[in-house]
Amino acid sequence: DTGVSQDPRHKITKRGQNVTFRCDPISEHNRLYWYRQTLGQGPEFLTYFQNEAQLEKSRLLSDRFSAERPKGSFSTLEIQRTEQGDSAMYLCASSPKRGNGNEQFFGPGTRLTVL
Amino acid sequence: QKEVEQNSGPLSVPEGAIASLNCTYSDRGSQSFFWYRQYSGKSPELIMSIYSNGDKEDGRFTAQLNKASQYVSLLIRDSQPSDSATYLCAVIGPMDSSYKLIFGSGTRLLVRP
């Protein structure tokens with residue numbers, strides 16, 4: 001399977017703990033996005049990488065959130081000192097630079113539950 | 001006003017009918033438009049993209065874009081129970097160099113056997 005992969009698929013944690021999610025984009029896709037989706041809403045943009053550079057962050061991304069994409073391949077999203085309001089589906093998407101460069105393909109998501 | 005608006009539904013249609021899903025957007029200069037299908041508990045799946053005014057057909061799906069009226073629609077012909085899902089409209093805003101997607105809240109479609 002050459003699609004976007006995410007790990008873990010589910011994470012249950014206690015309030016105050018740190019969590020880290022991983023995303024592996026489609027190979028040769030240089031753009032990578034993180035979104036967050038809560039029940040009944042569409043996904044909301046969190047942050048964007050082109051290769052290894054983080055070029056845009058949403059104001060939804062508080063200081064407790066950090067994302068990296070070392071070497072322009074996989075990406076990690078870390079949430080420190082989790083809060084119950086962080087419970088959501090965290091989605092990663094990738095898109096190619098050329099061709100249909102605006103089309104984004106989503107991974108299966110990581111569902112986070114903060115108790 | 002939300003940037004991308006969709007009727008939440010549910011839109012209920014009988015099997016074999018045409019389902020019509022609509023979406024309006026607020027930024028006149030928006031550049032790219034997408035429809036995603038999302039089954040309950042799953043991630044969004046891209047089903048159509050459209051960039052210029054008019055119709056674009058792919059199998060049973062037709063996307064329609066009218067930039068002057070700022071709306072985009074999705075028609076699903078010969079609807080099947082397996083089409084029952086939430087359909088998300090997404091837009092890339094004007095002059096957005098990150099090409100991030102702005103989503104509506106989705107329309108739930110129910111296809112009755």
# chains A, B, ... in the order shown; residues from 1 in each chain; ligands from 1
call {"tool": "interface_residues", "arguments": {"of": "chain B", "to": "chain A", "cutoff": "10 Å", "atoms": "only C-alpha atoms", "output": "PyMOL selection string"}}
result
chain B and resi 4+8+31-34+36+38+41-46+48-49+51+86-90+92+97-108
call {"tool": "residues_around", "arguments": {"residues": "Asn66 of chain B", "least_positions_apart": "5", "cutoff": "10 Å", "atoms": "only C-alpha atoms", "output": "JSON, numbers by chain"}}
result
{"B": [24, 52, 53, 54, 55, 71, 72, 73]}
call {"tool": "write_last_selection", "arguments": {"atoms": "N, CA, C and O atoms", "output": "compact mmCIF listing (two decimals), in the first residue's frame"}}
result
# COMPACT_ATOMS: atom_id res chain seq x y z
N THR B 24 -21.48 26.42 -0.72
CA THR B 24 -21.17 27.80 -1.09
C THR B 24 -19.92 28.24 -0.34
O THR B 24 -19.62 27.72 0.74
N SER B 52 -12.18 24.94 -12.79
CA SER B 52 -12.73 25.98 -13.67
C SER B 52 -14.24 25.82 -13.76
O SER B 52 -14.80 24.76 -13.47
N ASN B 53 -14.90 26.90 -14.16
CA ASN B 53 -16.36 26.89 -14.27
C ASN B 53 -16.85 25.79 -15.19
O ASN B 53 -16.21 25.45 -16.18
N GLY B 54 -18.01 25.23 -14.83
CA GLY B 54 -18.61 24.22 -15.67
C GLY B 54 -18.75 22.90 -14.94
O GLY B 54 -18.75 22.85 -13.71
N ASP B 55 -18.89 21.86 -15.71
CA ASP B 55 -19.11 20.52 -15.19
C ASP B 55 -17.87 19.66 -15.41
O ASP B 55 -17.17 19.80 -16.40
N TYR B 71 -20.65 28.94 -5.86
CA TYR B 71 -21.13 27.66 -5.37
C TYR B 71 -20.52 26.52 -6.18
O TYR B 71 -20.15 26.67 -7.35
N VAL B 72 -20.43 25.40 -5.52
CA VAL B 72 -19.96 24.18 -6.16
C VAL B 72 -20.89 23.05 -5.71
O VAL B 72 -21.36 23.04 -4.56
N SER B 73 -21.22 22.18 -6.63
CA SER B 73 -22.15 21.11 -6.31
C SER B 73 -21.59 19.77 -6.76
O SER B 73 -20.67 19.70 -7.58
call {"tool": "closest_residue", "arguments": {"among": "B:Ala85, B:Ala68, B:Val111, B:Ile76", "to": "Tyr25 of chain B", "atoms": "only C-alpha atoms"}}
result
B:Ala68
call {"tool": "residues_around", "arguments": {"residues": "Ile79 of chain A", "least_positions_apart": "5", "cutoff": "8 Å", "atoms": "only C-alpha atoms", "output": "NGL selection string"}}
result
:A and (18-20 or 64-66)
call {"tool": "write_last_selection", "arguments": {"atoms": "N, CA, C and O atoms", "output": "CSV table (one decimal), in the first residue's frame"}}
result
chain,number,residue,atom,x,y,z
A,18,ASN,N,2.0,13.7,27.6
A,18,ASN,CA,2.5,14.1,26.2
A,18,ASN,C,2.2,13.0,25.3
A,18,ASN,O,2.3,11.8,25.6
A,19,VAL,N,1.8,13.3,24.0
A,19,VAL,CA,1.6,12.3,23.0
A,19,VAL,C,2.3,12.7,21.7
A,19,VAL,O,2.5,13.9,21.5
A,20,THR,N,2.7,11.7,20.9
A,20,THR,CA,3.3,12.0,19.6
A,20,THR,C,2.7,11.1,18.6
A,20,THR,O,2.6,9.9,18.8
A,64,ARG,N,1.5,24.3,23.0
A,64,ARG,CA,1.6,22.9,23.4
A,64,ARG,C,1.8,22.0,22.2
A,64,ARG,O,2.2,20.8,22.4
A,65,PHE,N,1.6,22.5,21.0
A,65,PHE,CA,1.7,21.6,19.8
A,65,PHE,C,3.0,21.9,19.1
A,65,PHE,O,3.4,23.1,18.9
A,66,SER,N,3.7,20.9,18.7
A,66,SER,CA,4.8,21.1,17.8
A,66,SER,C,4.9,20.0,16.8
A,66,SER,O,4.5,18.9,17.0
call {"tool": "residues_around", "arguments": {"residues": "segment 10-14 of chain B", "least_positions_apart": "2", "cutoff": "9 Å", "atoms": "only C-alpha atoms", "output": "MDAnalysis selection string"}}
result
chainID B and resid 7:8 16:21 79:81 86 107:113
call {"tool": "write_last_selection", "arguments": {"atoms": "N, CA, C and O atoms", "output": "CSV table (one decimal), in the first residue's frame"}}
result
chain,number,residue,atom,x,y,z
B,7,ASN,N,-25.2,22.4,3.8
B,7,ASN,CA,-26.4,21.9,4.6
B,7,ASN,C,-26.0,20.6,5.2
B,7,ASN,O,-25.5,19.7,4.6
B,8,SER,N,-26.2,20.5,6.5
B,8,SER,CA,-25.8,19.3,7.3
B,8,SER,C,-26.5,18.1,7.0
B,8,SER,O,-26.1,16.9,7.2
B,16,GLY,N,-30.9,4.4,-6.7
B,16,GLY,CA,-31.1,4.7,-8.1
B,16,GLY,C,-31.4,6.1,-8.5
B,16,GLY,O,-31.3,6.5,-9.6
B,17,ALA,N,-31.7,7.0,-7.5
B,17,ALA,CA,-32.0,8.4,-7.7
B,17,ALA,C,-30.7,9.2,-7.8
B,17,ALA,O,-29.6,8.7,-7.6
B,18,ILE,N,-30.9,10.4,-8.2
B,18,ILE,CA,-29.8,11.4,-8.3
B,18,ILE,C,-29.7,12.1,-7.0
B,18,ILE,O,-30.7,12.7,-6.5
B,19,ALA,N,-28.5,12.1,-6.4
B,19,ALA,CA,-28.3,12.9,-5.1
B,19,ALA,C,-27.6,14.2,-5.5
B,19,ALA,O,-26.6,14.2,-6.3
B,20,SER,N,-28.1,15.3,-5.0
B,20,SER,CA,-27.5,16.6,-5.3
B,20,SER,C,-27.0,17.3,-4.1
B,20,SER,O,-27.8,17.5,-3.1
B,21,LEU,N,-25.7,17.5,-4.0
B,21,LEU,CA,-25.1,18.1,-2.8
B,21,LEU,C,-24.6,19.5,-3.2
B,21,LEU,O,-23.9,19.6,-4.2
B,79,SER,N,-27.7,6.5,-7.4
B,79,SER,CA,-27.2,6.4,-6.0
B,79,SER,C,-27.3,5.0,-5.5
B,79,SER,O,-28.4,4.3,-5.7
B,80,GLN,N,-26.3,4.6,-4.7
B,80,GLN,CA,-26.3,3.2,-4.1
B,80,GLN,C,-26.2,3.4,-2.6
B,80,GLN,O,-25.7,4.3,-2.1
B,81,PRO,N,-26.7,2.4,-1.9
B,81,PRO,CA,-26.6,2.4,-0.4
B,81,PRO,C,-25.2,2.6,0.0
B,81,PRO,O,-24.9,3.3,1.1
B,86,THR,N,-20.8,11.0,4.7
B,86,THR,CA,-20.8,12.4,4.8
B,86,THR,C,-19.9,13.0,3.6
B,86,THR,O,-18.8,12.5,3.4
B,107,THR,N,-22.2,17.3,4.4
B,107,THR,CA,-23.6,16.9,4.3
B,107,THR,C,-23.7,15.4,4.4
B,107,THR,O,-23.0,14.7,3.7
B,108,ARG,N,-24.6,15.0,5.3
B,108,ARG,CA,-24.8,13.5,5.4
B,108,ARG,C,-25.8,13.0,4.4
B,108,ARG,O,-26.9,13.6,4.3
B,109,LEU,N,-25.4,12.0,3.6
B,109,LEU,CA,-26.2,11.5,2.6
B,109,LEU,C,-26.7,10.1,3.0
B,109,LEU,O,-25.8,9.3,3.4
B,110,LEU,N,-28.0,9.8,2.9
B,110,LEU,CA,-28.5,8.5,3.2
B,110,LEU,C,-29.2,8.0,1.9
B,110,LEU,O,-30.1,8.7,1.4
B,111,VAL,N,-28.8,6.9,1.4
B,111,VAL,CA,-29.4,6.3,0.3
B,111,VAL,C,-30.2,5.1,0.7
B,111,VAL,O,-29.7,4.1,1.2
B,112,ARG,N,-31.5,5.2,0.6
B,112,ARG,CA,-32.5,4.1,1.1
B,112,ARG,C,-32.6,3.0,0.0
B,112,ARG,O,-32.8,3.3,-1.1
B,113,PRO,N,-32.4,1.7,0.5
B,113,PRO,CA,-32.5,0.6,-0.5
B,113,PRO,C,-34.0,0.5,-1.0
B,113,PRO,O,-34.9,0.9,-0.3
call {"tool": "atom_distance", "arguments": {"atom1": "atom CA of Lys97 of chain A", "atom2": "atom CA of Thr2 of chain A"}}
result
17.2 Å
call {"tool": "atom_distance", "arguments": {"atom1": "atom CA of Glu78 of chain A", "atom2": "atom CA of Arg36 of chain A"}}
result
13.0 Å
call {"tool": "atom_distance", "arguments": {"atom1": "atom CA of Ile50 of chain B", "atom2": "atom CA of Gly29 of chain B"}}
result
14.3 Å
